[in-house]
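Shown below: model-v6.cif, with mmCIF, C-alpha atoms.
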data_run
#
loop_
_atom_site.label_atom_id
_atom_site.label_comp_id
_atom_site.auth_asym_id
_atom_site.auth_seq_id
_atom_site.Cartn_x
_atom_site.Cartn_y
_atom_site.Cartn_z
CA MET A 1 181.45 31.73 138.43
CA SER A 2 179.56 33.70 135.78
CA ARG A 3 177.35 36.63 136.71
CA ARG A 4 174.28 34.64 135.62
CA THR A 5 175.24 31.65 137.78
CA SER A 6 175.97 33.98 140.66
CA ARG A 7 172.47 35.47 140.36
CA VAL A 8 170.87 32.03 140.40
CA VAL A 9 172.88 30.89 143.41
CA SER A 10 172.14 34.13 145.24
CA ALA A 11 168.43 33.90 144.52
CA MET A 12 168.35 30.28 145.67
CA ILE A 13 170.09 31.18 148.92
CA LEU A 14 167.62 33.99 149.50
CA SER A 15 164.68 31.70 148.74
CA VAL A 16 165.89 29.02 151.14
CA ALA A 17 166.44 31.62 153.84
CA LEU A 18 162.96 33.05 153.36
CA TRP A 19 161.19 29.67 153.18
CA THR A 20 162.96 28.22 156.21
CA GLY A 21 162.39 31.32 158.27
CA SER A 22 166.08 31.88 158.75
CA THR A 23 166.88 34.80 161.01
CA ALA A 24 170.12 35.48 159.23
CA HIS A 25 170.15 38.95 157.74
CA ALA A 26 171.27 39.27 154.15
CA THR A 27 171.81 43.03 154.24
CA GLY A 28 174.76 44.04 152.13
CA ASP A 29 175.64 40.61 150.77
CA ALA A 30 175.44 39.24 147.24
CA VAL A 31 171.84 38.04 147.54
CA VAL A 32 170.48 41.49 148.30
CA LYS A 33 172.71 43.05 145.64
CA THR A 34 171.41 40.65 143.00
CA MET A 35 167.81 41.37 143.94
CA GLU A 36 168.45 45.13 143.88
CA GLU A 37 170.02 44.89 140.42
CA TYR A 38 167.09 42.91 139.12
CA LEU A 39 164.49 45.29 140.55
CA GLU A 40 166.30 48.28 139.05
CA PHE A 41 165.71 47.12 135.49
CA VAL A 42 162.46 45.11 135.64
CA ASP A 43 159.51 46.80 133.95
CA TYR A 44 156.40 47.87 135.87
CA MET A 45 154.22 44.92 134.86
CA GLY A 46 157.11 42.53 135.42
CA GLY A 47 156.36 40.66 132.21
CA ALA A 48 152.68 40.09 132.96
CA ILE A 49 150.01 39.87 130.29
CA PHE A 50 146.23 39.59 130.68
CA PRO A 51 144.36 36.87 128.78
CA ARG A 52 142.37 39.57 126.96
CA GLN A 53 145.63 40.87 125.46
CA ILE A 54 146.26 37.63 123.54
CA ALA A 55 144.34 37.09 120.31
CA ARG A 56 143.09 33.57 119.60
CA ASP A 57 145.64 33.00 116.82
CA ASP A 58 148.52 34.41 118.88
CA TRP A 59 148.39 31.66 121.53
CA LYS A 60 150.28 29.28 119.25
CA GLY A 61 153.19 31.74 119.23
CA TYR A 62 153.82 31.12 122.92
CA TYR A 63 155.46 28.21 124.69
CA VAL A 64 152.78 27.83 127.36
CA ILE A 65 153.71 26.28 130.70
CA ASP A 66 151.11 25.17 133.23
CA ALA A 67 153.10 25.61 136.44
CA ARG A 68 150.58 23.77 138.61
CA ASP A 69 151.06 20.21 139.85
CA ALA A 70 150.40 17.24 137.57
CA GLU A 71 147.07 16.40 139.20
CA GLN A 72 145.64 19.86 138.52
CA TYR A 73 147.05 19.79 134.99
CA GLN A 74 145.34 16.44 134.31
CA LYS A 75 141.97 17.84 135.46
CA GLU A 76 142.14 20.94 133.29
CA HIS A 77 144.70 22.96 131.36
CA ILE A 78 145.04 25.35 128.47
CA PRO A 79 145.19 23.30 125.25
CA GLY A 80 148.78 23.06 124.04
CA ALA A 81 150.31 23.82 127.45
CA VAL A 82 153.10 21.66 128.85
CA ASN A 83 153.13 20.84 132.53
CA ILE A 84 156.21 21.84 134.50
CA ASP A 85 155.56 22.24 138.22
CA TRP A 86 156.54 25.76 139.32
CA ARG A 87 159.19 24.30 141.65
CA GLN A 88 160.88 22.58 138.67
CA VAL A 89 160.81 25.38 136.09
CA LEU A 90 164.25 26.73 137.00
CA ALA A 91 165.85 23.27 137.10
CA ARG A 92 164.37 22.51 133.66
CA ARG A 93 165.22 25.85 132.02
CA ALA A 94 167.50 24.16 129.48
CA GLU A 95 164.34 22.61 127.93
CA LEU A 96 162.77 26.02 127.32
CA PRO A 97 162.82 27.62 123.88
CA LYS A 98 164.90 30.70 123.27
CA ASP A 99 163.14 31.62 120.03
CA LYS A 100 159.62 32.28 121.36
CA SER A 101 158.00 33.83 124.40
CA ILE A 102 157.36 31.57 127.37
CA LEU A 103 153.96 32.10 128.99
CA LEU A 104 153.65 30.74 132.53
CA TYR A 105 150.37 30.28 134.34
CA CYS A 106 148.94 28.65 137.46
CA ASN A 107 145.50 29.07 139.05
CA SER A 108 145.85 32.73 140.01
CA GLY A 109 149.28 33.86 138.82
CA THR A 110 151.04 33.68 142.20
CA LEU A 111 153.11 30.51 141.75
CA SER A 112 153.82 31.18 138.10
CA ALA A 113 155.10 34.65 139.09
CA GLN A 114 157.60 33.03 141.46
CA ALA A 115 158.77 30.65 138.74
CA ALA A 116 159.07 33.52 136.23
CA PHE A 117 161.02 35.59 138.75
CA ALA A 118 163.49 32.74 139.24
CA LEU A 119 163.88 32.32 135.47
CA LYS A 120 164.48 36.03 135.00
CA LEU A 121 167.13 36.06 137.73
CA ALA A 122 168.74 33.15 135.87
CA GLY A 123 168.90 35.26 132.73
CA VAL A 124 165.87 33.90 130.87
CA GLU A 125 164.36 37.09 129.46
CA ASN A 126 161.58 35.77 127.19
CA VAL A 127 159.19 35.02 130.08
CA LEU A 128 155.65 36.30 130.60
CA ILE A 129 153.13 35.59 133.35
CA LEU A 130 149.46 35.11 132.54
CA LYS A 131 147.98 37.71 134.87
CA GLY A 132 145.23 36.16 136.97
CA GLY A 133 146.16 32.67 135.83
CA LEU A 134 143.75 30.03 134.61
CA SER A 135 140.91 31.53 136.67
CA GLN A 136 141.20 34.90 134.93
CA ARG A 137 141.52 33.26 131.52
CA LYS A 138 138.31 31.30 132.04
CA ALA A 139 136.49 34.38 133.38
CA GLU A 140 137.55 36.40 130.33
CA GLY A 141 136.48 33.76 127.80
CA GLY A 142 139.48 31.52 127.15
CA PHE A 143 140.82 31.77 123.60
CA ASP A 144 138.07 34.31 122.86
CA ALA A 145 139.06 36.69 125.67
CA GLN A 146 140.44 39.37 123.37
CA ARG A 147 137.41 39.27 121.06
CA ARG A 148 135.04 39.43 124.04
CA ALA A 149 136.96 42.32 125.59
CA ALA A 150 136.71 44.27 122.33
CA GLN A 151 132.91 43.98 122.21
CA PRO A 152 130.91 46.98 123.39
CA ALA A 153 129.41 46.70 126.87
CA LYS A 154 125.76 45.73 126.91
#

As structure tokens, the full file:
Amino acid sequence: MSRRTSRVVSAMILSVALWTGSTAHATGDAVVKTMEEYLEFVDYMGGAIFPRQIARDDWKGYYVIDARDAEQYQKEHIPGAVNIDWRQVLARRAELPKDKSILLYCNSGTLSAQAAFALKLAGVENVLILKGGLSQRKAEGGFDAQRRAAQPAK
């Protein structure tokens, strides 16, 4: 088993244990080791970017994933985004581009952060999280967030 596959399997085992409320302790086993290794090299922001940091013309340089469910996506989404439910992002990682940054978002950033974490443990390094999600993007002005942030306060 490759190191990358081992990380994915370990992360999945840890996730299942956490979600099912398992009382089994993982101290010292491969799951904890994998998580420790990941946390040792991840940067402070963990690959997060605020909407105001993305210029209007730069959005097309990202592969944008709406990690919410299909119903929420149908009601509203960032133009150009593809819908991959956060629970399916890891299983569908072979569909993701390797030649451009992947920008994940949900309503607030919580679910997309989980999906991004899983991808990073699986060795997908070109992943960013839209900090604050769709809510923050709308509050900051959508595609005009960077321009609005650069304007002097009134």

With only C-alpha atoms as the counted atoms, please give the residues lying no more than 9 Å from region 60-77 of chain A, apart from itself and same-chain residues fewer than 2 positions off, as a ChimeraX atom specification. /A:56-58,79-89,96-97,100-107,111-112,115,134

Near region 143-149 of chain A, 9 Å: region 26-131 of chain A residue rows, closest pairs, all atoms listed in the file, as CSV:
residue,atom,partner,partner_atom,distance
A:Pro51,CA,A:Ala145,CA,6.1
A:Arg52,CA,A:Gln146,CA,4.1
A:Gln53,CA,A:Gln146,CA,5.8
A:Ile54,CA,A:Gln146,CA,6.1
A:Ala55,CA,A:Gln146,CA,5.5
A:Arg56,CA,A:Phe143,CA,4.9
A:Asp57,CA,A:Phe143,CA,8.4
A:Trp59,CA,A:Phe143,CA,7.8

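With the shown file loaded, the PyMOL selection byres ((chain A and resi 131) around 6) picks out Ala48, Ile49, Phe50, Gly109, Ile129, Leu130, Gly132 and Gly133 of chain A.
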
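When all atoms listed in the file are used to compute distances to Ala122 (chain A), the closest of the residues A:Ala139, A:Ile78, A:Val32, A:Ala94 turns out to be A:Ala94.
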
So how far away is CA of Lys120 (chain A) from CA of Glu36 (chain A), in Å?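 Calculated distance between CA of Glu36 (chain A) and CA of Lys120 (chain A) is 13.3 Å.
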
What does the structure give for the distance between CA of Asn126 (chain A) and CA of Ala91 (chain A), in Å to one decimal?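 So the answer is 16.5 Å.
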
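Proximity to Ala116 (chain A) was assessed for A:Lys154, A:Arg137, A:Arg93, A:Lys98 counting only C-alpha atoms; the smallest distance is recorded for A:Arg93.
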
Using all atoms listed in the file: which of A:Gly142, A:Lys33, A:Leu90, A:Pro152 has the shortest distance to Leu119 (chain A):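 Checking each of A:Gly142, A:Lys33, A:Leu90, A:Pro152 against Leu119 (chain A), counting all atoms listed in the file, the winner is A:Leu90.
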